[in-house]
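final.csv follows (CSV, C-alpha atoms):
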```csv
chain,number,residue,atom,x,y,z
A,1500,MET,CA,-27.5,8.7,6.6
A,1501,ASP,CA,-25.2,11.1,4.8
A,1502,LYS,CA,-23.3,8.4,3.0
A,1503,ILE,CA,-23.1,8.5,-0.8
A,1504,ASP,CA,-21.6,6.0,-3.2
A,1505,VAL,CA,-19.2,7.7,-5.6
A,1506,GLY,CA,-18.6,4.6,-7.6
A,1507,PRO,CA,-16.2,1.7,-7.7
A,1508,GLN,CA,-13.0,3.7,-8.5
A,1509,GLY,CA,-12.2,4.2,-4.8
A,1510,PHE,CA,-8.7,4.5,-3.7
A,1511,LEU,CA,-6.6,3.9,-0.7
A,1512,TYR,CA,-5.3,7.0,1.1
A,1513,PRO,CA,-2.4,7.5,0.8
A,1514,MET,CA,-0.3,5.0,-1.1
A,1515,PRO,CA,3.5,4.4,-0.7
A,1516,MET,CA,5.5,5.8,-3.6
A,1517,THR,CA,8.2,3.6,-5.1
A,1518,LEU,CA,10.4,3.0,-8.1
A,1519,VAL,CA,10.3,-0.5,-9.4
A,1520,GLY,CA,13.6,-1.6,-11.1
A,1521,ALA,CA,13.9,-4.3,-13.7
A,1522,ASP,CA,16.4,-5.3,-16.4
A,1523,LEU,CA,15.1,-4.8,-19.9
A,1524,GLU,CA,16.8,-5.8,-23.2
A,1525,ALA,CA,18.1,-2.2,-23.4
A,1526,GLY,CA,19.4,-2.2,-19.8
A,1527,PRO,CA,18.1,-1.4,-16.3
A,1528,ASN,CA,14.9,0.6,-16.1
A,1529,PHE,CA,12.8,2.2,-13.3
A,1530,MET,CA,9.1,2.9,-13.3
A,1531,ALA,CA,7.0,4.8,-10.7
A,1532,VAL,CA,4.7,2.5,-8.8
A,1533,ALA,CA,2.3,3.2,-5.9
A,1534,TRP,CA,0.3,-0.1,-6.0
A,1535,VAL,CA,2.6,-2.2,-3.8
A,1536,ASN,CA,2.6,-3.5,-0.3
A,1537,ARG,CA,3.9,-6.2,2.0
A,1538,CYS,CA,1.9,-9.5,2.0
A,1539,GLN,CA,3.7,-12.0,4.2
A,1540,VAL,CA,6.2,-12.2,7.0
A,1541,HIS,CA,7.5,-15.8,6.8
A,1542,PRO,CA,8.8,-15.9,4.1
A,1543,PRO,CA,8.9,-12.2,3.7
A,1544,ARG,CA,7.0,-11.2,0.5
A,1545,LEU,CA,5.5,-8.2,-1.2
A,1546,VAL,CA,2.9,-7.8,-3.9
A,1547,VAL,CA,3.1,-5.3,-6.7
A,1548,ALA,CA,0.4,-4.6,-9.4
A,1549,LEU,CA,1.6,-3.5,-12.8
A,1550,ASN,CA,-0.3,-2.6,-16.0
A,1551,THR,CA,0.7,-5.2,-18.5
A,1552,ALA,CA,1.4,-2.4,-21.1
A,1553,HIS,CA,4.6,-1.4,-19.3
A,1554,ALA,CA,8.1,-2.4,-20.5
A,1555,THR,CA,9.0,-3.3,-17.0
A,1556,ASN,CA,6.7,-6.4,-17.1
A,1557,ALA,CA,8.7,-8.0,-19.9
A,1558,GLY,CA,11.9,-7.7,-17.9
A,1559,ILE,CA,10.3,-9.2,-14.8
A,1560,HIS,CA,8.8,-12.1,-16.9
A,1561,GLN,CA,12.2,-12.7,-18.5
A,1562,HIS,CA,14.3,-12.7,-15.3
A,1563,GLY,CA,11.9,-13.3,-12.5
A,1564,GLU,CA,13.6,-10.6,-10.5
A,1565,PHE,CA,13.0,-6.9,-9.8
A,1566,SER,CA,13.6,-4.2,-7.1
A,1567,VAL,CA,11.3,-1.9,-5.2
A,1568,CYS,CA,13.2,1.3,-4.3
A,1569,ILE,CA,11.8,3.9,-1.9
A,1570,PRO,CA,12.7,7.4,-3.0
A,1571,SER,CA,12.9,10.3,-0.5
A,1572,ILE,CA,11.2,13.6,-0.8
A,1573,GLY,CA,14.2,15.2,-2.6
A,1574,GLN,CA,13.5,12.7,-5.4
A,1575,VAL,CA,9.8,13.7,-6.1
A,1576,ALA,CA,10.5,15.2,-9.5
A,1577,VAL,CA,12.6,12.4,-10.8
A,1578,THR,CA,10.2,9.8,-9.5
A,1579,ASP,CA,7.3,11.6,-11.3
A,1580,TRP,CA,9.4,11.7,-14.4
A,1581,CYS,CA,9.9,7.9,-14.2
A,1582,GLY,CA,6.1,7.7,-14.2
A,1583,MET,CA,5.8,9.8,-17.4
A,1584,ALA,CA,8.8,8.9,-19.5
A,1585,SER,CA,8.5,5.6,-21.4
A,1586,ALA,CA,11.2,3.0,-22.0
A,1587,ARG,CA,9.0,1.7,-24.9
A,1588,ARG,CA,9.6,5.1,-26.6
A,1589,GLY,CA,13.3,4.7,-26.1
A,1590,VAL,CA,13.9,6.8,-23.0
A,1591,ASP,CA,16.7,5.6,-20.8
A,1592,LYS,CA,15.1,5.8,-17.4
A,1593,ALA,CA,18.2,4.5,-15.6
A,1594,ALA,CA,20.2,7.5,-16.7
A,1595,PRO,CA,19.4,9.8,-13.8
A,1596,PHE,CA,20.6,7.2,-11.2
A,1597,ALA,CA,23.7,5.5,-9.9
A,1598,ILE,CA,22.8,1.8,-10.0
A,1599,PHE,CA,23.9,-0.9,-7.6
A,1600,ARG,CA,23.0,-4.6,-7.3
A,1601,GLY,CA,22.8,-7.0,-4.3
A,1602,SER,CA,22.5,-10.7,-4.3
A,1603,LEU,CA,20.2,-11.0,-7.3
A,1604,GLU,CA,21.5,-10.6,-10.8
A,1605,HIS,CA,18.5,-8.8,-12.2
A,1606,ALA,CA,17.2,-6.5,-9.5
A,1607,PRO,CA,18.9,-3.1,-10.3
A,1608,MET,CA,18.6,-0.7,-7.4
A,1609,ILE,CA,19.1,3.1,-7.1
A,1610,SER,CA,21.9,4.3,-4.9
A,1611,GLU,CA,20.2,7.7,-4.3
A,1612,CYS,CA,17.1,5.9,-2.8
A,1613,PRO,CA,17.5,5.5,1.0
A,1614,LEU,CA,16.0,2.0,1.0
A,1615,CYS,CA,15.7,-0.7,-1.7
A,1616,LEU,CA,14.2,-4.2,-1.7
A,1617,GLU,CA,15.5,-7.0,-3.9
A,1618,CYS,CA,12.7,-9.2,-5.1
A,1619,ARG,CA,12.4,-12.6,-6.7
A,1620,VAL,CA,9.0,-13.5,-8.2
A,1621,HIS,CA,7.2,-16.3,-6.3
A,1622,GLU,CA,3.9,-16.2,-8.2
A,1623,ARG,CA,2.2,-14.2,-11.0
A,1624,LEU,CA,-1.5,-13.6,-11.1
A,1625,ASP,CA,-3.1,-12.3,-14.3
A,1626,LEU,CA,-6.0,-9.9,-13.7
A,1627,GLY,CA,-6.6,-8.7,-17.3
A,1628,SER,CA,-5.2,-5.2,-17.8
A,1629,HIS,CA,-2.9,-5.6,-14.8
A,1630,GLU,CA,-0.9,-8.5,-13.3
A,1631,LEU,CA,0.2,-9.1,-9.7
A,1632,PHE,CA,3.7,-10.2,-8.9
A,1633,VAL,CA,4.0,-11.8,-5.5
A,1634,ALA,CA,7.7,-11.8,-4.7
A,1635,ASP,CA,10.1,-13.0,-2.1
A,1636,ILE,CA,12.1,-10.2,-0.6
A,1637,ALA,CA,15.7,-11.3,-0.9
A,1638,GLY,CA,17.4,-8.3,0.7
A,1639,THR,CA,16.7,-4.8,2.1
A,1640,TRP,CA,19.5,-2.4,1.2
A,1641,THR,CA,20.0,0.8,3.0
A,1642,GLU,CA,22.8,2.8,4.7
A,1643,LYS,CA,23.8,3.0,8.3
A,1644,ARG,CA,22.9,6.7,8.3
A,1645,PHE,CA,19.2,5.7,7.7
A,1646,LEU,CA,19.1,3.4,10.7
A,1647,ARG,CA,18.2,4.2,14.3
A,1648,PRO,CA,20.4,3.0,17.1
A,1649,ASP,CA,18.1,-0.1,17.4
A,1650,GLY,CA,18.9,-1.0,13.8
A,1651,LYS,CA,15.4,-0.2,12.4
A,1652,PRO,CA,15.0,2.2,9.5
A,1653,ASP,CA,14.4,5.8,10.6
A,1654,ILE,CA,11.5,7.3,8.7
A,1655,ALA,CA,12.7,10.8,9.7
A,1656,GLU,CA,15.9,10.1,7.8
A,1657,LEU,CA,14.3,8.0,4.9
A,1658,ARG,CA,11.8,10.8,4.3
A,1659,PRO,CA,9.5,8.6,2.0
A,1660,PHE,CA,6.5,10.1,0.4
A,1661,THR,CA,3.0,9.0,-0.7
A,1662,LEU,CA,0.6,9.4,-3.6
A,1663,THR,CA,-3.1,10.0,-3.6
A,1664,MET,CA,-5.4,9.3,-6.5
A,1665,PRO,CA,-7.6,10.5,-8.2
A,1666,ASP,CA,-6.4,13.9,-7.2
A,1667,ASN,CA,-2.9,12.8,-8.2
A,1668,ARG,CA,-0.7,14.5,-5.6
A,1669,TYR,CA,2.4,13.6,-3.6
A,1670,TRP,CA,2.6,14.0,0.1
A,1671,ALA,CA,5.3,14.0,2.7
A,1672,VAL,CA,4.9,12.1,5.9
A,1673,GLY,CA,3.5,14.2,8.7
A,1674,GLU,CA,3.5,14.1,12.5
A,1675,CYS,CA,3.7,10.9,14.5
A,1676,LEU,CA,0.3,10.0,15.9
A,1677,GLY,CA,1.4,7.3,18.3
A,1678,ASP,CA,2.8,3.8,18.6
A,1679,ALA,CA,1.0,0.9,17.0
A,1680,TRP,CA,0.0,-2.1,19.1
A,1681,SER,CA,0.1,0.4,22.0
A,1682,ILE,CA,-2.0,3.5,21.6
A,1683,GLY,CA,-5.2,1.5,21.5
A,1684,ARG,CA,-4.6,0.3,25.1
A,1685,THR,CA,-5.9,3.7,26.2
A,1686,LEU,CA,-9.4,2.5,25.2
A,1687,THR,CA,-11.5,0.7,27.7
A,1688,GLU,CA,-13.2,-2.2,26.0
A,1689,ALA,CA,-16.3,-0.9,24.2
B,1083,MET,CA,29.5,1.8,-1.6
B,1084,ASP,CA,27.8,2.5,1.7
B,1085,LYS,CA,24.9,0.2,1.1
B,1086,ILE,CA,24.3,-2.6,3.6
B,1087,ASP,CA,21.8,-5.4,3.5
B,1088,VAL,CA,19.6,-5.5,6.6
B,1089,GLY,CA,17.9,-8.7,5.7
B,1090,PRO,CA,14.7,-9.7,3.9
B,1091,GLN,CA,12.2,-8.2,6.3
B,1092,GLY,CA,12.1,-4.9,4.5
B,1093,PHE,CA,9.0,-2.8,4.5
B,1094,LEU,CA,7.3,-0.2,2.4
B,1095,TYR,CA,7.2,3.3,3.9
B,1096,PRO,CA,4.6,4.2,4.8
B,1097,MET,CA,1.6,2.0,4.4
B,1098,PRO,CA,-2.1,3.1,4.3
B,1099,MET,CA,-3.9,2.2,7.5
B,1100,THR,CA,-7.4,0.7,7.1
B,1101,LEU,CA,-10.1,-1.3,8.9
B,1102,VAL,CA,-11.3,-4.4,7.1
B,1103,GLY,CA,-14.9,-5.3,7.8
B,1104,ALA,CA,-16.4,-8.8,7.5
B,1105,ASP,CA,-19.5,-10.6,8.7
B,1106,LEU,CA,-18.5,-13.4,11.2
B,1107,GLU,CA,-20.8,-15.9,12.8
B,1108,ALA,CA,-21.1,-13.6,15.8
B,1109,GLY,CA,-21.8,-10.5,13.6
B,1110,PRO,CA,-19.8,-7.8,11.9
B,1111,ASN,CA,-16.1,-7.4,12.8
B,1112,PHE,CA,-13.3,-5.0,12.0
B,1113,MET,CA,-9.6,-5.7,11.9
B,1114,ALA,CA,-6.7,-3.2,11.4
B,1115,VAL,CA,-4.9,-3.8,8.1
B,1116,ALA,CA,-2.1,-1.9,6.5
B,1117,TRP,CA,-1.2,-4.5,3.8
B,1118,VAL,CA,-3.7,-3.4,1.2
B,1119,ASN,CA,-3.5,-1.5,-2.1
B,1120,ARG,CA,-5.3,-0.9,-5.4
B,1121,CYS,CA,-4.3,-3.4,-8.2
B,1122,GLN,CA,-6.5,-2.7,-11.2
B,1123,VAL,CA,-8.5,0.1,-12.8
B,1124,HIS,CA,-10.8,-1.7,-15.2
B,1125,PRO,CA,-12.5,-3.4,-13.5
B,1126,PRO,CA,-11.5,-1.6,-10.3
B,1127,ARG,CA,-9.8,-4.0,-7.9
B,1128,LEU,CA,-7.8,-4.0,-4.7
B,1129,VAL,CA,-5.7,-6.6,-3.0
B,1130,VAL,CA,-5.4,-7.3,0.7
B,1131,ALA,CA,-3.1,-9.7,2.5
B,1132,LEU,CA,-4.3,-11.3,5.7
B,1133,ASN,CA,-2.7,-13.7,8.1
B,1134,THR,CA,-4.9,-16.9,7.9
B,1135,ALA,CA,-5.1,-17.0,11.7
B,1136,HIS,CA,-7.6,-14.1,11.8
B,1137,ALA,CA,-11.3,-14.6,12.4
B,1138,THR,CA,-11.9,-12.1,9.5
B,1139,ASN,CA,-10.7,-14.6,7.0
B,1140,ALA,CA,-13.4,-17.1,7.8
B,1141,GLY,CA,-16.0,-14.5,7.3
B,1142,ILE,CA,-14.6,-13.5,3.9
B,1143,HIS,CA,-14.4,-17.2,2.9
B,1144,GLN,CA,-18.0,-17.7,3.8
B,1145,HIS,CA,-19.5,-14.7,2.2
B,1146,GLY,CA,-17.0,-13.6,-0.5
B,1147,GLU,CA,-17.5,-10.0,0.6
B,1148,PHE,CA,-15.7,-7.5,2.9
B,1149,SER,CA,-15.1,-3.8,3.3
B,1150,VAL,CA,-12.0,-1.6,3.5
B,1151,CYS,CA,-12.7,1.4,5.6
B,1152,ILE,CA,-10.3,4.3,5.9
B,1153,PRO,CA,-10.2,5.8,9.3
B,1154,SER,CA,-9.2,9.4,10.0
B,1155,ILE,CA,-6.6,10.6,12.5
B,1156,GLY,CA,-9.2,11.0,15.2
B,1157,GLN,CA,-9.7,7.3,15.0
B,1158,VAL,CA,-6.1,6.3,15.6
B,1159,ALA,CA,-6.7,4.7,19.1
B,1160,VAL,CA,-9.8,2.7,18.1
B,1161,THR,CA,-8.0,1.5,14.9
B,1162,ASP,CA,-5.1,0.3,17.0
B,1163,TRP,CA,-7.5,-1.3,19.4
B,1164,CYS,CA,-9.0,-3.2,16.5
B,1165,GLY,CA,-5.5,-4.5,15.7
B,1166,MET,CA,-5.0,-5.8,19.3
B,1167,ALA,CA,-8.4,-7.0,20.4
B,1168,SER,CA,-9.4,-10.5,19.1
B,1169,ALA,CA,-12.8,-11.6,17.8
B,1170,ARG,CA,-11.5,-15.2,18.4
B,1171,ARG,CA,-11.3,-14.4,22.1
B,1172,GLY,CA,-14.9,-13.1,22.1
B,1173,VAL,CA,-14.3,-9.3,21.8
B,1174,ASP,CA,-17.1,-7.5,19.8
B,1175,LYS,CA,-15.0,-5.3,17.6
B,1176,ALA,CA,-18.0,-3.8,15.9
B,1177,ALA,CA,-19.2,-2.3,19.2
B,1178,PRO,CA,-17.4,1.0,19.0
B,1179,PHE,CA,-18.9,1.8,15.6
B,1180,ALA,CA,-22.1,2.7,13.8
B,1181,ILE,CA,-22.4,0.3,11.0
B,1182,PHE,CA,-23.9,0.8,7.6
B,1183,ARG,CA,-24.2,-1.3,4.4
B,1184,GLY,CA,-24.2,-0.5,0.8
B,1185,SER,CA,-25.1,-2.7,-2.2
B,1186,LEU,CA,-23.4,-5.9,-0.8
B,1187,GLU,CA,-25.0,-7.9,1.9
B,1188,HIS,CA,-21.9,-8.9,3.7
B,1189,ALA,CA,-19.6,-5.8,3.6
B,1190,PRO,CA,-20.2,-4.0,6.9
B,1191,MET,CA,-18.9,-0.5,6.8
B,1192,ILE,CA,-18.1,2.1,9.5
B,1193,SER,CA,-20.1,5.3,9.5
B,1194,GLU,CA,-17.4,7.2,11.4
B,1195,CYS,CA,-14.8,6.4,8.7
B,1196,PRO,CA,-14.7,9.1,6.0
B,1197,LEU,CA,-14.3,6.7,3.2
B,1198,CYS,CA,-15.3,3.0,2.8
B,1199,LEU,CA,-14.9,0.5,0.0
B,1200,GLU,CA,-17.3,-2.4,-0.6
B,1201,CYS,CA,-15.4,-5.4,-2.0
B,1202,ARG,CA,-16.4,-8.7,-3.6
B,1203,VAL,CA,-13.7,-11.4,-3.8
B,1204,HIS,CA,-12.5,-12.1,-7.3
B,1205,GLU,CA,-9.7,-14.5,-6.5
B,1206,ARG,CA,-7.9,-15.9,-3.5
B,1207,LEU,CA,-4.2,-16.7,-3.4
B,1208,ASP,CA,-2.8,-19.0,-0.7
B,1209,LEU,CA,0.7,-17.9,0.3
B,1210,GLY,CA,1.1,-20.1,3.4
B,1211,SER,CA,0.8,-18.0,6.6
B,1212,HIS,CA,-1.0,-15.3,4.7
B,1213,GLU,CA,-3.6,-15.3,1.9
B,1214,LEU,CA,-4.3,-12.6,-0.7
B,1215,PHE,CA,-7.8,-11.6,-1.5
B,1216,VAL,CA,-8.1,-9.8,-4.9
B,1217,ALA,CA,-11.5,-8.1,-4.9
B,1218,ASP,CA,-13.7,-6.1,-7.1
B,1219,ILE,CA,-14.5,-2.7,-5.6
B,1220,ALA,CA,-18.3,-2.5,-5.7
B,1221,GLY,CA,-18.8,0.9,-4.2
B,1222,THR,CA,-16.9,3.8,-2.6
B,1223,TRP,CA,-18.9,5.3,0.3
B,1224,THR,CA,-18.2,8.7,1.6
B,1225,GLU,CA,-20.0,12.0,2.4
B,1226,LYS,CA,-20.3,15.2,0.4
B,1227,ARG,CA,-18.4,17.0,3.1
B,1228,PHE,CA,-15.3,14.9,2.2
B,1229,LEU,CA,-15.4,15.7,-1.5
B,1230,ARG,CA,-13.8,18.7,-3.2
B,1231,PRO,CA,-15.9,20.8,-5.6
B,1232,ASP,CA,-14.6,18.6,-8.5
B,1233,GLY,CA,-16.1,15.5,-6.8
B,1234,LYS,CA,-12.8,13.9,-5.8
B,1235,PRO,CA,-12.2,12.9,-2.2
B,1236,ASP,CA,-10.3,15.7,-0.3
B,1237,ILE,CA,-7.4,14.3,1.7
B,1238,ALA,CA,-7.4,17.4,3.9
B,1239,GLU,CA,-10.9,16.5,5.0
B,1240,LEU,CA,-10.4,12.7,5.0
B,1241,ARG,CA,-7.3,13.0,7.2
B,1242,PRO,CA,-6.1,9.4,6.7
B,1243,PHE,CA,-3.0,8.1,8.4
B,1244,THR,CA,-0.3,5.6,7.7
B,1245,LEU,CA,1.7,2.9,9.5
B,1246,THR,CA,5.4,2.1,9.4
B,1247,MET,CA,6.9,-1.2,10.4
B,1248,PRO,CA,9.1,-2.5,12.1
B,1249,ASP,CA,9.2,0.7,14.2
B,1250,ASN,CA,5.4,0.3,14.5
B,1251,ARG,CA,4.2,3.9,14.4
B,1252,TYR,CA,1.2,5.8,13.0
B,1253,TRP,CA,1.8,9.0,10.9
B,1254,ALA,CA,-0.4,11.8,9.7
B,1255,VAL,CA,-0.1,12.9,6.1
B,1256,GLY,CA,2.2,15.9,5.8
B,1257,GLU,CA,2.7,18.7,3.3
B,1258,CYS,CA,1.8,18.4,-0.4
B,1259,LEU,CA,5.0,18.0,-2.4
B,1260,GLY,CA,3.5,18.5,-5.9
B,1261,ASP,CA,1.2,17.2,-8.6
B,1262,ALA,CA,1.8,13.7,-10.0
B,1263,TRP,CA,2.1,13.3,-13.8
B,1264,SER,CA,3.2,16.9,-13.6
B,1265,ILE,CA,6.1,17.9,-11.4
B,1266,GLY,CA,8.4,15.6,-13.3
B,1267,ARG,CA,8.0,17.8,-16.4
B,1268,THR,CA,10.4,20.2,-14.7
B,1269,LEU,CA,13.2,17.8,-15.4
B,1270,THR,CA,15.1,18.0,-18.7
B,1271,GLU,CA,15.5,14.5,-20.0
B,1272,ALA,CA,18.5,12.9,-18.4
```
Represent the supplied structure as structure tokens.
Amino acid sequence: MDKIDVGPQGFLYPMPMTLVGADLEAGPNFMAVAWVNRCQVHPPRLVVALNTAHATNAGIHQHGEFSVCIPSIGQVAVTDWCGMASARRGVDKAAPFAIFRGSLEHAPMISECPLCLECRVHERLDLGSHELFVADIAGTWTEKRFLRPDGKPDIAELRPFTLTMPDNRYWAVGECLGDAWSIGRTLTEA
Amino acid sequence: MDKIDVGPQGFLYPMPMTLVGADLEAGPNFMAVAWVNRCQVHPPRLVVALNTAHATNAGIHQHGEFSVCIPSIGQVAVTDWCGMASARRGVDKAAPFAIFRGSLEHAPMISECPLCLECRVHERLDLGSHELFVADIAGTWTEKRFLRPDGKPDIAELRPFTLTMPDNRYWAVGECLGDAWSIGRTLTEA
């Protein structure tokens, strides 16, 4: 067998790139986060993993609310900047953005992002260096121009991007490979 | 403001597509899972969300071990098939694959997948219809041909793919948009 073990620091390929918004003492703040995904349908929830060293965590602890904003490929540089600049060192990481709010008081969202999720913390799980926030999705904010005629978000208009680690690169979404819960029907049962 | 709230069933765009392996009473089994991501560096951990109705969950409960295998774009149809066929209805979902094992006894992995993670459950979180498994990554199995000269996995060789919901489509990875923790330096501070 040609398989080799390259150690326990394996990664998922690729990960969705987002900006997580929270209200800090100094005001709204956004950090770059790729360790996030959906985790339940009813009620709709997502889970995000954050290093406890981040300023964002304190804001989420205080208010129990945050946002997950999906930037588009035109926002790669500013997203990366949000992953390098530090609110703890006094940088105003809301400054590049127009901010709006939905139904939650402390889930600042970015107008320039084509899709933003408002989140209310359901449960927190302490893992040591990181903590998981499992959150109810309170709203999904977008614009009509990003929706298909059937009302579903159109990825061709959203133009999200992904991150790979440990090579640390951003990637656009490529060609469509087929429909889920469908293309597998072409297989005869093995 | 042009922003509209399309409800709480918002999704991340796009999500990494994987096959989660577990040992069931009937033998090894693989299910299609997109709700998974990394959640810690030290120790390295990932989190996966599974509907409790799946046969896979019982295997993970019993053994406390599972795998996360990353298929490549040539495996789109069989991956989708694993998301439709049901072990509960007697389908042998290991049949299409050559299976190998690493250091864990109950983390079956797929030889045809370019990268597989062996996982040991650290903590389980019950959310209702779904449960979260937070797991230590015990090993990352790949082949030398999938590694770059610097030893990091080469996404161009892995050729992973992603899923979007609710439009339910699979996507290849597209063009490289730049280096993370780097491209943002081009921005003057806002």
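For the atom pair formed by CA of His1204 (chain B) and CA of Met1500 (chain A), the distance is 29.2 Å, given to one decimal.
Here CA of Cys1568 (chain A) and CA of Ile1086 (chain B) stand 14.2 Å from one another.
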**OP:** Identify which of the residues A:Ser1566, A:Pro1595, A:Ala1531, A:Asp1666 lies closest to Asp1236 (chain B), counting all atoms listed in the file when measuring atom-to-atom distances.
**Re:** A:Asp1666
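The interatomic distance for the pair CA of Thr1222 (chain B) and CA of Pro1196 (chain B) works out to 10.3 Å.
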**OP:** In the coordinate frame of the file, compute which residues have an atom within 8 Å of (-7.9, -6.3, 1.8) when using all atoms listed in the file, and state them as a PyMOL selection string.
**Re:** chain B and resi 1102+1115+1117-1119+1128-1132+1148-1150+1214-1217
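Counting all atoms listed in the file and comparing A:Gly1638, A:Arg1623, A:Ala1521, A:Gly1650, the residue that lies closest to chain B is A:Gly1638.
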Subject >> Residue among A:Leu1523, A:Val1540, A:Met1514, A:Ala1606 lying closest to Leu1209 (chain B), counting all atoms listed in the file >> reply: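 Under the stated criterion, the closest residue is A:Val1540.
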Original post:
Between B:His1145, B:Asp1162, B:Phe1112, B:Cys1198, which is the closest to chain A once you count only C-alpha atoms?
Top reply: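 Closest to chain A of all the choices is B:Asp1162.
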Original post:
Between B:Glu1200, B:Glu1205, B:Asp1232, B:Glu1194, which is the closest to Ile1219 (chain B) once you count only C-alpha atoms?
Top reply: B:Glu1200
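Nearest residue to Ser1185 (chain B), choosing from B:His1136, B:Arg1120, B:Arg1202, B:Arg1251 and counting only C-alpha atoms: B:Arg1202.
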Show which residues sit within 7 Å of Cys1612 (chain A), as a JSON list (two decimals) with C-alpha atoms, keeping the file's coordinate frame. Count all atoms listed in the file, and ignore same-chain residues fewer than 6 positions away.
```json
[["chain", "number", "residue", "atom", "x", "y", "z"],
["A", 1568, "CYS", "CA", 13.20, 1.30, -4.30],
["A", 1569, "ILE", "CA", 11.80, 3.90, -1.90],
["A", 1570, "PRO", "CA", 12.70, 7.40, -3.00],
["A", 1571, "SER", "CA", 12.90, 10.30, -0.50]]
```
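When the distance limit is 8 Å and only C-alpha atoms are what count, the residues near Cys1164 (chain B), minus those fewer than 2 positions from it on the same chain, are Gly1683 of chain A; Leu1101, Phe1112, Met1113, Ala1114, Val1160, Thr1161, Asp1162, Met1166, Ala1167, Ser1168 and Lys1175 of chain B.
Every protein, DNA or RNA residue with an atom at most 12 Å from Gly1109 (chain B), where all atoms listed in the file count and chain neighbours fewer than 3 positions away do not, is listed here: Gly1103, Ala1104, Asp1105, Leu1106, Phe1112, Ala1137, Thr1138, Gly1141, Ala1169, Gly1172, Val1173, Asp1174, Lys1175, Ala1176, Ala1177, Ile1181, His1188, Ala1189 and Pro1190 of chain B.
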**OP:** Compile the contact shell of Phe1228 (chain B) as a PyMOL selection string: residues with an atom at most 9 Å away, counting all atoms listed in the file, same-chain residues fewer than 4 positions apart removed.
**Re:** chain B and resi 1196-1197+1224+1234-1240
Region 1205-1219 of chain B rebuilt with N, CA and C atoms, output as a PDB file, in the coordinates of the input:
```pdb
ATOM      1  N   GLU B1205     -10.613 -13.333  -6.490  1.00  0.00           N
ATOM      2  CA  GLU B1205      -9.700 -14.500  -6.500  1.00  0.00           C
ATOM      3  C   GLU B1205      -8.921 -14.492  -5.167  1.00  0.00           C
ATOM      4  N   ARG B1206      -8.618 -15.682  -4.729  1.00  0.00           N
ATOM      5  CA  ARG B1206      -7.900 -15.900  -3.500  1.00  0.00           C
ATOM      6  C   ARG B1206      -6.571 -16.569  -3.811  1.00  0.00           C
ATOM      7  N   LEU B1207      -5.490 -16.110  -3.190  1.00  0.00           N
ATOM      8  CA  LEU B1207      -4.200 -16.700  -3.400  1.00  0.00           C
ATOM      9  C   LEU B1207      -3.595 -17.124  -2.095  1.00  0.00           C
ATOM     10  N   ASP B1208      -3.322 -18.425  -1.957  1.00  0.00           N
ATOM     11  CA  ASP B1208      -2.800 -19.000  -0.700  1.00  0.00           C
ATOM     12  C   ASP B1208      -1.266 -18.829  -0.720  1.00  0.00           C
ATOM     13  N   LEU B1209      -0.712 -18.115   0.272  1.00  0.00           N
ATOM     14  CA  LEU B1209       0.700 -17.900   0.300  1.00  0.00           C
ATOM     15  C   LEU B1209       1.387 -18.699   1.469  1.00  0.00           C
ATOM     16  N   GLY B1210       0.596 -19.392   2.261  1.00  0.00           N
ATOM     17  CA  GLY B1210       1.100 -20.100   3.400  1.00  0.00           C
ATOM     18  C   GLY B1210       0.536 -19.459   4.688  1.00  0.00           C
ATOM     19  N   SER B1211       1.332 -18.696   5.421  1.00  0.00           N
ATOM     20  CA  SER B1211       0.800 -18.000   6.600  1.00  0.00           C
ATOM     21  C   SER B1211      -0.231 -16.987   6.290  1.00  0.00           C
ATOM     22  N   HIS B1212      -0.125 -16.402   5.119  1.00  0.00           N
ATOM     23  CA  HIS B1212      -1.000 -15.300   4.700  1.00  0.00           C
ATOM     24  C   HIS B1212      -1.801 -15.767   3.430  1.00  0.00           C
ATOM     25  N   GLU B1213      -2.893 -15.076   3.172  1.00  0.00           N
ATOM     26  CA  GLU B1213      -3.600 -15.300   1.900  1.00  0.00           C
ATOM     27  C   GLU B1213      -3.926 -13.902   1.333  1.00  0.00           C
ATOM     28  N   LEU B1214      -3.904 -13.836   0.000  1.00  0.00           N
ATOM     29  CA  LEU B1214      -4.300 -12.600  -0.700  1.00  0.00           C
ATOM     30  C   LEU B1214      -5.720 -12.728  -1.151  1.00  0.00           C
ATOM     31  N   PHE B1215      -6.478 -11.672  -0.919  1.00  0.00           N
ATOM     32  CA  PHE B1215      -7.800 -11.600  -1.500  1.00  0.00           C
ATOM     33  C   PHE B1215      -7.754 -10.448  -2.556  1.00  0.00           C
ATOM     34  N   VAL B1216      -7.917 -10.815  -3.806  1.00  0.00           N
ATOM     35  CA  VAL B1216      -8.100  -9.800  -4.900  1.00  0.00           C
ATOM     36  C   VAL B1216      -9.562  -9.627  -5.039  1.00  0.00           C
ATOM     37  N   ALA B1217     -10.009  -8.380  -4.939  1.00  0.00           N
ATOM     38  CA  ALA B1217     -11.500  -8.100  -4.900  1.00  0.00           C
ATOM     39  C   ALA B1217     -11.877  -7.013  -5.799  1.00  0.00           C
ATOM     40  N   ASP B1218     -13.051  -7.177  -6.377  1.00  0.00           N
ATOM     41  CA  ASP B1218     -13.700  -6.100  -7.100  1.00  0.00           C
ATOM     42  C   ASP B1218     -14.217  -5.063  -6.159  1.00  0.00           C
ATOM     43  N   ILE B1219     -13.985  -3.793  -6.464  1.00  0.00           N
ATOM     44  CA  ILE B1219     -14.500  -2.700  -5.600  1.00  0.00           C
ATOM     45  C   ILE B1219     -15.952  -2.438  -6.165  1.00  0.00           C
TER      46      ILE B1219
END
```
